[in-house]
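Just query.txt here, compact mmCIF, C-alpha atoms:
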# COMPACT_ATOMS: atom_id res chain seq x y z
CA MET X 12 11.44 -24.11 -49.33
CA LYS X 13 11.96 -20.35 -49.78
CA ASN X 14 8.27 -19.78 -49.12
CA ILE X 15 8.48 -21.80 -45.90
CA LYS X 16 11.52 -19.83 -44.70
CA MET X 17 9.77 -16.57 -45.53
CA LEU X 18 6.69 -17.72 -43.63
CA ILE X 19 8.79 -18.63 -40.57
CA LYS X 20 10.47 -15.20 -40.65
CA CYS X 21 7.11 -13.46 -40.91
CA ILE X 22 5.74 -15.46 -37.98
CA GLY X 23 8.87 -14.60 -35.98
CA VAL X 24 8.47 -10.89 -36.71
CA ILE X 25 4.79 -11.02 -35.74
CA ILE X 26 5.62 -12.77 -32.46
CA ILE X 27 8.28 -10.17 -31.65
CA LEU X 28 5.87 -7.34 -32.44
CA ILE X 29 3.20 -8.91 -30.22
CA LEU X 30 5.70 -9.31 -27.39
CA LEU X 31 6.81 -5.68 -27.75
CA LEU X 32 3.20 -4.54 -27.80
CA VAL X 33 2.43 -6.50 -24.62
CA LEU X 34 5.61 -5.27 -22.94
CA PHE X 35 5.22 -1.61 -23.78
CA ARG X 36 1.47 -1.22 -24.30
CA PRO X 37 0.16 2.19 -23.21
CA THR X 38 -1.25 2.43 -19.68
CA TRP X 39 -3.98 4.70 -18.39
CA THR X 40 -6.68 4.92 -15.74
CA SER X 41 -10.35 4.82 -16.70
CA ASN X 42 -12.21 8.06 -17.26
CA ILE X 43 -14.56 9.53 -14.65
CA LYS X 44 -17.50 11.46 -16.08
CA GLY X 45 -18.08 15.01 -14.91
CA ASP X 46 -17.14 18.56 -15.84
CA ASN X 47 -14.86 18.92 -12.81
CA SER X 48 -13.68 15.32 -12.53
CA ILE X 49 -10.10 14.09 -12.69
CA SER X 50 -8.63 10.72 -13.69
CA VAL X 51 -4.95 10.85 -14.54
CA LEU X 52 -2.00 8.44 -14.49
CA GLU X 53 1.21 10.38 -14.96
CA GLN X 54 4.87 10.61 -14.10
CA VAL X 55 6.07 13.56 -12.03
CA LYS X 56 9.35 14.55 -10.46
CA ILE X 57 9.33 14.33 -6.68
CA ASN X 58 12.40 15.17 -4.63
CA GLY X 59 14.64 14.68 -7.66
CA ALA X 60 13.19 11.32 -8.74
CA LYS X 61 10.61 10.42 -11.38
CA GLN X 62 7.62 8.85 -9.67
CA GLN X 63 4.23 7.71 -10.90
CA ILE X 64 1.01 9.14 -9.51
CA MET X 65 -2.65 8.33 -10.11
CA ILE X 66 -5.35 10.84 -9.21
CA ARG X 67 -9.06 10.01 -9.35
CA GLY X 68 -12.17 11.86 -8.23
CA ARG X 69 -15.56 13.10 -9.42
CA ASP X 70 -15.05 16.70 -8.31
CA LYS X 71 -11.67 18.39 -7.88
CA ASN X 72 -13.19 20.67 -5.23
CA ASN X 73 -13.74 17.69 -2.90
CA PRO X 74 -11.36 17.00 0.00
CA VAL X 75 -8.08 15.47 -1.18
CA ILE X 76 -6.62 12.21 0.12
CA ILE X 77 -2.99 11.19 -0.31
CA TYR X 78 -2.73 7.43 0.03
CA VAL X 79 0.60 5.78 0.95
CA HIS X 80 0.86 2.15 -0.14
CA GLY X 81 2.39 -0.69 1.83
CA GLY X 82 4.87 -3.44 1.14
CA PRO X 83 7.52 -2.11 1.21
CA GLY X 84 7.26 -1.91 -2.54
CA SER X 85 3.67 -3.11 -3.01
CA SER X 86 2.00 -0.59 -5.28
CA GLU X 87 -1.78 -0.48 -5.10
CA ILE X 88 -2.26 1.44 -8.36
CA PRO X 89 -2.95 -1.71 -10.45
CA TYR X 90 -6.07 -2.68 -8.50
CA VAL X 91 -7.23 0.07 -6.15
CA ALA X 92 -9.65 1.87 -8.51
CA LYS X 93 -12.23 -0.92 -8.29
CA PHE X 94 -12.26 -0.70 -4.49
CA GLN X 95 -12.47 3.09 -4.16
CA ASP X 96 -15.31 3.82 -6.58
CA LEU X 97 -17.51 5.02 -3.72
CA LEU X 98 -14.75 7.12 -2.21
CA GLU X 99 -14.19 8.89 -5.53
CA LYS X 100 -17.69 10.40 -5.31
CA ASP X 101 -16.80 12.60 -2.38
CA PHE X 102 -13.00 12.71 -2.32
CA THR X 103 -10.14 13.21 -4.76
CA VAL X 104 -7.79 10.28 -4.14
CA VAL X 105 -4.07 10.47 -4.92
CA HIS X 106 -2.01 7.28 -5.15
CA TYR X 107 1.67 7.10 -6.00
CA ASP X 108 4.25 4.39 -6.52
CA GLN X 109 6.98 5.13 -3.98
CA ARG X 110 10.56 5.61 -5.08
CA GLY X 111 11.90 2.22 -6.22
CA SER X 112 8.41 0.65 -6.33
CA GLY X 113 6.35 -0.43 -9.32
CA LYS X 114 6.20 2.19 -12.06
CA SER X 115 8.58 4.36 -10.00
CA TYR X 116 11.35 1.75 -10.23
CA HIS X 117 14.06 2.70 -12.74
CA PHE X 118 16.65 0.15 -13.86
CA ASN X 119 19.48 2.69 -14.00
CA GLU X 120 19.08 3.87 -10.40
CA ASP X 121 20.82 2.56 -7.27
CA TYR X 122 18.40 1.79 -4.43
CA SER X 123 20.93 0.12 -2.13
CA LYS X 124 20.89 3.08 0.27
CA LEU X 125 17.16 3.79 0.15
CA THR X 126 15.73 4.61 3.59
CA ALA X 127 12.37 5.46 5.10
CA ASP X 128 13.58 9.01 5.70
CA VAL X 129 14.08 9.49 1.95
CA LEU X 130 10.59 8.13 1.30
CA VAL X 131 9.16 10.46 3.95
CA GLU X 132 10.82 13.46 2.28
CA ASP X 133 9.29 12.29 -1.01
CA LEU X 134 5.87 12.14 0.65
CA LEU X 135 6.20 15.64 2.13
CA GLU X 136 7.20 17.11 -1.24
CA LEU X 137 4.35 15.26 -2.95
CA THR X 138 1.99 16.71 -0.33
CA ASP X 139 3.15 20.24 -1.13
CA ASN X 140 2.74 19.65 -4.86
CA ILE X 141 -0.76 18.17 -4.51
CA SER X 142 -1.90 20.87 -2.08
CA LYS X 143 -0.77 23.55 -4.52
CA ARG X 144 -2.29 21.74 -7.51
CA PHE X 145 -5.74 21.58 -5.91
CA GLY X 146 -5.57 24.82 -3.94
CA LYS X 147 -5.84 23.06 -0.57
CA GLU X 148 -4.32 24.31 2.67
CA LYS X 149 -4.36 20.77 4.03
CA VAL X 150 -5.03 17.25 2.73
CA ILE X 151 -6.04 13.99 4.39
CA LEU X 152 -3.19 11.49 4.80
CA ILE X 153 -3.87 7.74 4.68
CA GLY X 154 -1.22 5.09 5.18
CA HIS X 155 -1.76 1.37 4.68
CA SER X 156 0.45 -1.35 6.20
CA TYR X 157 4.11 -0.36 5.62
CA GLY X 158 2.74 2.92 4.33
CA THR X 159 1.69 3.73 7.91
CA TYR X 160 5.36 3.74 8.90
CA LEU X 161 6.06 6.50 6.37
CA ALA X 162 2.79 8.35 6.89
CA THR X 163 3.07 8.40 10.70
CA LYS X 164 6.56 9.86 10.42
CA ALA X 165 5.33 12.47 7.92
CA ALA X 166 2.39 13.41 10.16
CA TYR X 167 4.76 13.67 13.13
CA LYS X 168 7.27 15.78 11.22
CA ALA X 169 4.84 18.13 9.44
CA PRO X 170 1.36 17.99 11.02
CA GLU X 171 0.50 21.41 9.58
CA LYS X 172 0.26 19.88 6.10
CA TYR X 173 -2.54 17.46 7.00
CA GLU X 174 -6.15 17.71 8.09
CA ALA X 175 -5.84 14.29 9.73
CA TYR X 176 -3.89 11.05 9.60
CA ILE X 177 -5.56 7.65 9.10
CA GLY X 178 -3.52 4.50 9.70
CA ILE X 179 -5.03 1.36 8.13
CA GLY X 180 -3.28 -1.83 9.19
CA GLN X 181 -1.11 0.38 11.39
CA LEU X 182 2.47 -0.63 12.11
CA SER X 183 3.71 -0.25 15.66
CA ASN X 184 6.35 -2.37 17.37
CA MET X 185 7.17 -4.77 14.54
CA GLN X 186 8.60 -7.50 16.75
CA GLU X 187 5.57 -7.45 19.05
CA SER X 188 3.24 -7.44 16.05
CA GLU X 189 4.94 -10.42 14.40
CA ILE X 190 4.74 -12.46 17.59
CA ASP X 191 0.99 -11.81 17.64
CA ASN X 192 0.75 -12.66 13.94
CA LEU X 193 2.61 -15.94 14.43
CA ASN X 194 0.48 -16.99 17.40
CA ASN X 195 -2.74 -16.12 15.59
CA THR X 196 -1.69 -18.09 12.53
CA ILE X 197 -0.68 -21.11 14.62
CA SER X 198 -4.02 -20.95 16.43
CA GLU X 199 -5.94 -20.97 13.14
CA ALA X 200 -3.79 -23.83 11.80
CA LYS X 201 -4.58 -25.83 14.92
CA LYS X 202 -8.31 -25.17 14.47
CA ALA X 203 -7.96 -26.50 10.93
CA ARG X 204 -6.05 -29.52 12.33
CA ASN X 205 -3.22 -28.96 9.90
CA THR X 206 -0.40 -30.51 11.91
CA GLU X 207 2.24 -29.97 9.23
CA ASP X 208 1.65 -26.22 9.15
CA VAL X 209 1.60 -26.05 12.94
CA LYS X 210 4.92 -27.92 13.09
CA TYR X 211 6.51 -25.61 10.53
CA LEU X 212 5.28 -22.42 12.19
CA GLU X 213 6.35 -23.57 15.64
CA GLY X 214 9.73 -24.39 14.13
CA ILE X 215 10.32 -20.75 13.14
CA ALA X 216 8.92 -19.33 16.37
CA GLU X 217 12.33 -18.63 17.92
CA LYS X 218 13.34 -16.57 14.90
CA ILE X 219 10.12 -14.53 15.10
CA TYR X 220 10.42 -14.03 18.86
CA ASN X 221 13.97 -12.76 18.37
CA GLY X 222 12.79 -10.17 15.84
CA GLU X 223 14.67 -11.81 12.98
CA GLY X 224 11.82 -12.19 10.51
CA VAL X 225 8.12 -12.03 9.78
CA THR X 226 5.44 -14.69 9.84
CA PRO X 227 5.39 -16.13 6.29
CA ARG X 228 2.67 -14.23 4.46
CA ASP X 229 1.52 -17.26 2.49
CA TYR X 230 0.61 -18.94 5.78
CA VAL X 231 -1.01 -15.76 7.09
CA GLY X 232 -3.12 -15.58 3.94
CA LYS X 233 -3.98 -19.28 4.05
CA TYR X 234 -5.61 -18.86 7.45
CA GLY X 235 -7.52 -15.63 6.81
CA GLY X 236 -5.09 -13.17 8.34
CA ALA X 237 -4.70 -11.15 5.12
CA THR X 238 -8.20 -11.02 3.64
CA ARG X 239 -11.62 -12.40 4.52
CA LEU X 240 -14.10 -10.94 2.06
CA ILE X 241 -11.95 -10.45 -1.06
CA ASN X 242 -9.11 -12.25 -2.78
CA MET X 243 -5.62 -11.12 -1.82
CA PRO X 244 -4.99 -8.09 -4.09
CA ASP X 245 -1.24 -7.53 -3.55
CA GLY X 246 1.07 -9.47 -5.82
CA ASN X 247 -1.75 -10.75 -8.05
CA ILE X 248 0.20 -11.11 -11.31
CA LEU X 249 -2.80 -11.85 -13.51
CA GLY X 250 -4.74 -8.97 -11.97
CA MET X 251 -1.87 -6.58 -12.64
CA LEU X 252 -1.53 -7.72 -16.26
CA LEU X 253 -5.26 -7.27 -16.84
CA SER X 254 -5.33 -3.80 -15.32
CA ARG X 255 -5.29 -0.65 -17.43
CA GLU X 256 -2.63 0.92 -15.23
CA TYR X 257 0.15 -1.70 -15.54
CA ASN X 258 1.80 -3.49 -18.44
CA VAL X 259 4.37 -6.31 -18.48
CA LEU X 260 7.28 -3.89 -18.12
CA ASP X 261 5.63 -2.40 -15.04
CA LEU X 262 5.20 -5.87 -13.57
CA ILE X 263 8.92 -6.47 -14.10
CA ARG X 264 9.68 -3.14 -12.40
CA TYR X 265 7.39 -4.13 -9.52
CA ASN X 266 9.25 -7.37 -8.87
CA TYR X 267 12.70 -5.81 -9.24
CA GLY X 268 11.70 -3.14 -6.73
CA LEU X 269 10.55 -5.73 -4.21
CA ALA X 270 13.75 -7.71 -4.61
CA GLU X 271 16.05 -4.70 -4.22
CA THR X 272 14.39 -2.67 -1.47
CA GLN X 273 12.04 -4.71 0.69
CA GLU X 274 14.56 -6.42 2.95
CA GLN X 275 16.48 -3.27 3.87
CA LEU X 276 13.34 -1.21 4.45
CA LEU X 277 11.77 -3.90 6.66
CA LYS X 278 14.95 -4.14 8.71
CA GLU X 279 14.62 -0.44 9.43
CA VAL X 280 11.06 -0.97 10.74
CA PHE X 281 12.38 -3.59 13.17
CA ASP X 282 15.39 -1.49 14.23
CA LYS X 283 13.51 1.82 14.56
CA PRO X 284 9.93 1.04 15.65
CA LEU X 285 7.39 3.85 15.62
CA PRO X 286 6.83 3.85 19.41
CA LYS X 287 10.42 5.04 19.74
CA ILE X 288 9.94 7.78 17.13
CA ALA X 289 6.47 9.31 17.39
CA THR X 290 4.59 9.35 20.69
CA LYS X 291 2.77 12.65 20.12
CA LEU X 292 0.84 13.79 17.06
CA ASP X 293 -0.29 17.40 16.69
CA LEU X 294 -3.25 16.57 14.47
CA PRO X 295 -6.33 14.32 14.66
CA PHE X 296 -5.49 10.70 13.94
CA TYR X 297 -7.41 7.47 13.50
CA PHE X 298 -6.33 3.85 13.46
CA VAL X 299 -8.57 1.64 11.29
CA MET X 300 -7.93 -2.04 11.95
CA GLY X 301 -9.48 -5.25 10.68
CA LYS X 302 -10.44 -7.61 13.48
CA TYR X 303 -8.73 -10.60 11.84
CA ASP X 304 -5.56 -8.82 10.69
CA ALA X 305 -2.55 -11.11 11.16
CA MET X 306 -0.19 -9.01 9.03
CA THR X 307 -0.22 -5.99 11.33
CA SER X 308 -1.48 -6.98 14.74
CA SER X 309 -4.53 -5.06 15.95
CA ASN X 310 -3.43 -5.69 19.54
CA SER X 311 -0.01 -4.18 18.92
CA ALA X 312 -1.54 -1.22 17.05
CA GLU X 313 -3.86 -0.55 19.98
CA ASN X 314 -0.93 -0.59 22.40
CA TYR X 315 0.75 2.05 20.24
CA PHE X 316 -2.50 4.01 19.94
CA ASN X 317 -2.76 4.23 23.72
CA LEU X 318 0.81 5.51 23.90
CA ILE X 319 0.33 8.42 21.51
CA GLU X 320 -0.66 11.82 22.87
CA ALA X 321 -3.10 13.78 20.70
CA ASP X 322 -6.00 16.18 21.14
CA LYS X 323 -8.22 13.93 19.04
CA LYS X 324 -7.73 10.26 18.32
CA GLU X 325 -9.94 7.24 17.64
CA PHE X 326 -9.38 3.49 17.27
CA ILE X 327 -11.86 1.91 14.85
CA SER X 328 -12.28 -1.84 14.47
CA PHE X 329 -13.81 -3.38 11.36
CA GLU X 330 -15.37 -6.62 12.53
CA LYS X 331 -15.55 -8.58 9.26
CA SER X 332 -12.18 -7.93 7.68
CA ALA X 333 -8.46 -8.58 8.07
CA HIS X 334 -5.60 -6.48 6.62
CA TYR X 335 -7.66 -4.59 4.02
CA PRO X 336 -10.73 -3.19 5.83
CA GLN X 337 -10.89 -0.23 3.42
CA PHE X 338 -11.46 -2.71 0.57
CA GLU X 339 -13.13 -5.63 2.32
CA GLU X 340 -15.76 -3.38 3.91
CA LYS X 341 -15.56 -0.52 1.45
CA GLU X 342 -19.14 0.67 2.02
CA LYS X 343 -18.55 0.98 5.74
CA PHE X 344 -15.21 2.73 5.17
CA TYR X 345 -16.81 5.14 2.70
CA ARG X 346 -19.60 6.03 5.14
CA TRP X 347 -17.08 6.56 7.93
CA MET X 348 -14.94 8.81 5.75
CA CYS X 349 -17.96 10.91 4.76
CA ASP X 350 -19.23 11.15 8.33
CA THR X 351 -15.79 12.17 9.57
CA PHE X 352 -14.60 14.54 6.85
CA LYS X 353 -17.70 15.77 4.97

Take the structure in the file and write it out as structure tokens.
Amino acid sequence: MKNIKMLIKCIGVIIILILLLVLFRPTWTSNIKGDNSISVLEQVKINGAKQQIMIRGRDKNNPVIIYVHGGPGSSEIPYVAKFQDLLEKDFTVVHYDQRGSGKSYHFNEDYSKLTADVLVEDLLELTDNISKRFGKEKVILIGHSYGTYLATKAAYKAPEKYEAYIGIGQLSNMQESEIDNLNNTISEAKKARNTEDVKYLEGIAEKIYNGEGVTPRDYVGKYGGATRLINMPDGNILGMLLSREYNVLDLIRYNYGLAETQEQLLKEVFDKPLPKIATKLDLPFYFVMGKYDAMTSSNSAENYFNLIEADKKEFISFEKSAHYPQFEEKEKFYRWMCDTFK
């Protein structure tokens, strides 16, 4: 009997140790070969808050990109490396988990008053730090999805810091965009003859038209409005757990961050749309949109594009992709980046 009890205790201790190892296992980003390469995953202090950054590139002398993830709260660090392998040949790419997101979420901090303006100030300070670190007068700024809301405001506020701004899945007038997204999703559901989905989506139409919500993203994804050529990368729990960059604790942080910040930050996008904030940009800018995007309407983005005054601007449509053209058509995106900035 004593032997059995001892065995049970030993098994219990082993299970606890395994759980602790899984929860707190070390995280890193894979090495890039080269004498002047960089591949780091580290925590830095930005604007008074500890935030996680990942920097990858084959040559630190290459042009530097700061990439602003979407969501709000949807870090791209756990999966982005496999999609930007080409880009890393000719650019140094900086990703960061925004304040209150992913690895930058801290359980002892209050995010109830977090605003886009705070996140923009974080981005501007990060830009200064990265520019100094790599000896660059200017860097390239890329925003994706909700990240375009922050990046557009940063480019508007401090254009002198950036060589150019690239908006991928560009936000514009959120209410207008969501009406387009709803109608596109209903149209695809009708083509699929899924009457139940059509009925449900038409049932929430009044709410969407009144600017009181977004088209449910599971329905958008079901009908090809999120991705076409790849599986949906955001929120892929198994993918996050299998990544080098995230462990179980980071996944918990990720979900807490979404729960605590997403609703209030999205409300701000509805209440303060970009066309009422930035209608002139004093730097070159580019909107890169997937033809089938039903998460940020290409039509609404183009309306905003036409509104903005700038000395140089370009609207680029990727014909085979939806909300992630930089990943879905990564070869085309890489060639365009090299042609434009190299």

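Among the candidates X:Tyr78, X:Tyr230, X:Phe94, X:Phe298, the residue lying nearest to Gln109 of chain X is X:Tyr78 (atoms considered: all atoms listed in the file).
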
Per residue of segment 176-209 of chain X within 12 Å of segment 328-349 of chain X, record the nearest atom pair and its distance in Å to one decimal, counting all atoms listed in the file, with rows in chain order and ascending residue number, as CSV.
residue,atom,partner,partner_atom,distance
X:Tyr176,CA,X:Met348,CA,11.9
X:Ile177,CA,X:Met348,CA,10.0
X:Gly178,CA,X:Gln337,CA,10.8
X:Ile179,CA,X:Pro336,CA,7.6
X:Gly180,CA,X:His334,CA,5.8
X:Gln181,CA,X:His334,CA,9.5
X:Leu182,CA,X:His334,CA,11.4
X:Asn192,CA,X:His334,CA,11.5

Would you output that residue set with C-alpha atoms, as a PDB file, keeping the file's coordinate frame?
ATOM      1  CA  TYR X 176      -3.890  11.050   9.600  1.00  0.00           C
ATOM      2  CA  ILE X 177      -5.560   7.650   9.100  1.00  0.00           C
ATOM      3  CA  GLY X 178      -3.520   4.500   9.700  1.00  0.00           C
ATOM      4  CA  ILE X 179      -5.030   1.360   8.130  1.00  0.00           C
ATOM      5  CA  GLY X 180      -3.280  -1.830   9.190  1.00  0.00           C
ATOM      6  CA  GLN X 181      -1.110   0.380  11.390  1.00  0.00           C
ATOM      7  CA  LEU X 182       2.470  -0.630  12.110  1.00  0.00           C
ATOM      8  CA  ASN X 192       0.750 -12.660  13.940  1.00  0.00           C
TER       9      ASN X 192
END

For this session: Tell me which of X:Ala175, X:Ala92, X:Ile190, X:Ala162 sits closest to Glu325 of chain X, counting all atoms listed in the file.
Result: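 Closest candidate: X:Ala175.
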
Seminar exercise, completed: Expressed in Å, the length from atom CA of Gly81 of chain X to atom CA of Leu212 of chain X is 24.2 Å

Exercise. Please, what distance in Å, to one decimal, runs between atom CA of Tyr234 of chain X and atom CA of Asn194 of chain X?
Worked result: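 Computed distance, atom CA of Tyr234 of chain X to atom CA of Asn194 of chain X, equals 11.8 Å.
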
Exercise. Leaving out Ile288 of chain X and any residue of its chain fewer than 2 positions from it, which residues lie within 10 Å of it when counting all atoms listed in the file, given as an MDAnalysis selection string?
Worked result: chainID X and resid 163:164 167 283:286 290:291

Take the residues just selected and output them with C-alpha atoms as a PDB file, keeping the file's coordinate frame.
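What ended up in out.pdb:
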ATOM      1  CA  THR X 163       3.070   8.400  10.700  1.00  0.00           C
ATOM      2  CA  LYS X 164       6.560   9.860  10.420  1.00  0.00           C
ATOM      3  CA  TYR X 167       4.760  13.670  13.130  1.00  0.00           C
ATOM      4  CA  LYS X 283      13.510   1.820  14.560  1.00  0.00           C
ATOM      5  CA  PRO X 284       9.930   1.040  15.650  1.00  0.00           C
ATOM      6  CA  LEU X 285       7.390   3.850  15.620  1.00  0.00           C
ATOM      7  CA  PRO X 286       6.830   3.850  19.410  1.00  0.00           C
ATOM      8  CA  THR X 290       4.590   9.350  20.690  1.00  0.00           C
ATOM      9  CA  LYS X 291       2.770  12.650  20.120  1.00  0.00           C
TER      10      LYS X 291
END

Considering all atoms listed in the file, tabulate each residue of segment 162-263 of chain X that lies at most 12 Å from segment 47-68 of chain X along with its nearest interatomic pair and the corresponding distance in Å to one decimal; arrange the rows by chain and ascending residue number and present them as CSV.
residue,atom,partner,partner_atom,distance
X:Arg255,CA,X:Leu52,CA,10.1
X:Glu256,CA,X:Leu52,CA,7.6
X:Tyr257,CA,X:Leu52,CA,10.4
X:Asp261,CA,X:Gln63,CA,11.0

Exercise. What is the distance between atom CA of Gly158 of chain X and atom CA of Val79 of chain X, in Å to one decimal?
Worked result: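 Answer for the atom CA of Gly158 of chain X to atom CA of Val79 of chain X separation: 4.9 Å.
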
Problem set entry | Which of X:Leu249, X:Ala169, X:Ala127, X:Ala203 sits closest to Tyr90 of chain X [using only C-alpha atoms] |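 Ranked by minimum distance to Tyr90 of chain X, first place goes to X:Leu249.
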
Need a file for segment 244-276 of chain X from that block: C-alpha atoms, written as a PDB file, in the first residue's frame.
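selection-v2.pdb written:
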ATOM      1  CA  PRO X 244      -3.467  32.329 -38.932  1.00  0.00           C
ATOM      2  CA  ASP X 245      -4.940  34.580 -36.213  1.00  0.00           C
ATOM      3  CA  GLY X 246      -6.261  32.819 -33.137  1.00  0.00           C
ATOM      4  CA  ASN X 247      -4.889  29.414 -34.170  1.00  0.00           C
ATOM      5  CA  ILE X 248      -4.371  27.926 -30.690  1.00  0.00           C
ATOM      6  CA  LEU X 249      -2.527  24.817 -31.847  1.00  0.00           C
ATOM      7  CA  GLY X 250      -0.293  26.882 -34.123  1.00  0.00           C
ATOM      8  CA  MET X 251       0.588  29.204 -31.255  1.00  0.00           C
ATOM      9  CA  LEU X 252       1.396  26.312 -28.918  1.00  0.00           C
ATOM     10  CA  LEU X 253       3.635  24.704 -31.533  1.00  0.00           C
ATOM     11  CA  SER X 254       5.510  27.920 -32.252  1.00  0.00           C
ATOM     12  CA  ARG X 255       8.913  28.677 -30.754  1.00  0.00           C
ATOM     13  CA  GLU X 256       7.839  32.188 -29.820  1.00  0.00           C
ATOM     14  CA  TYR X 257       4.827  31.413 -27.589  1.00  0.00           C
ATOM     15  CA  ASN X 258       4.220  29.089 -24.664  1.00  0.00           C
ATOM     16  CA  VAL X 259       1.005  28.263 -22.767  1.00  0.00           C
ATOM     17  CA  LEU X 260       1.384  31.284 -20.481  1.00  0.00           C
ATOM     18  CA  ASP X 261       1.682  33.530 -23.539  1.00  0.00           C
ATOM     19  CA  LEU X 262      -1.476  31.994 -24.983  1.00  0.00           C
ATOM     20  CA  ILE X 263      -3.269  32.795 -21.729  1.00  0.00           C
ATOM     21  CA  ARG X 264      -1.945  36.373 -21.903  1.00  0.00           C
ATOM     22  CA  TYR X 265      -3.136  36.599 -25.517  1.00  0.00           C
ATOM     23  CA  ASN X 266      -6.700  35.641 -24.629  1.00  0.00           C
ATOM     24  CA  TYR X 267      -6.838  37.854 -21.536  1.00  0.00           C
ATOM     25  CA  GLY X 268      -5.654  40.784 -23.650  1.00  0.00           C
ATOM     26  CA  LEU X 269      -8.358  40.204 -26.239  1.00  0.00           C
ATOM     27  CA  ALA X 270     -11.037  39.962 -23.569  1.00  0.00           C
ATOM     28  CA  GLU X 271      -9.958  43.130 -21.753  1.00  0.00           C
ATOM     29  CA  THR X 272      -9.091  45.520 -24.577  1.00  0.00           C
ATOM     30  CA  GLN X 273     -10.680  44.574 -27.881  1.00  0.00           C
ATOM     31  CA  GLU X 274     -14.192  45.912 -27.315  1.00  0.00           C
ATOM     32  CA  GLN X 275     -13.115  49.359 -26.109  1.00  0.00           C
ATOM     33  CA  LEU X 276     -10.502  49.784 -28.832  1.00  0.00           C
TER      34      LEU X 276
END
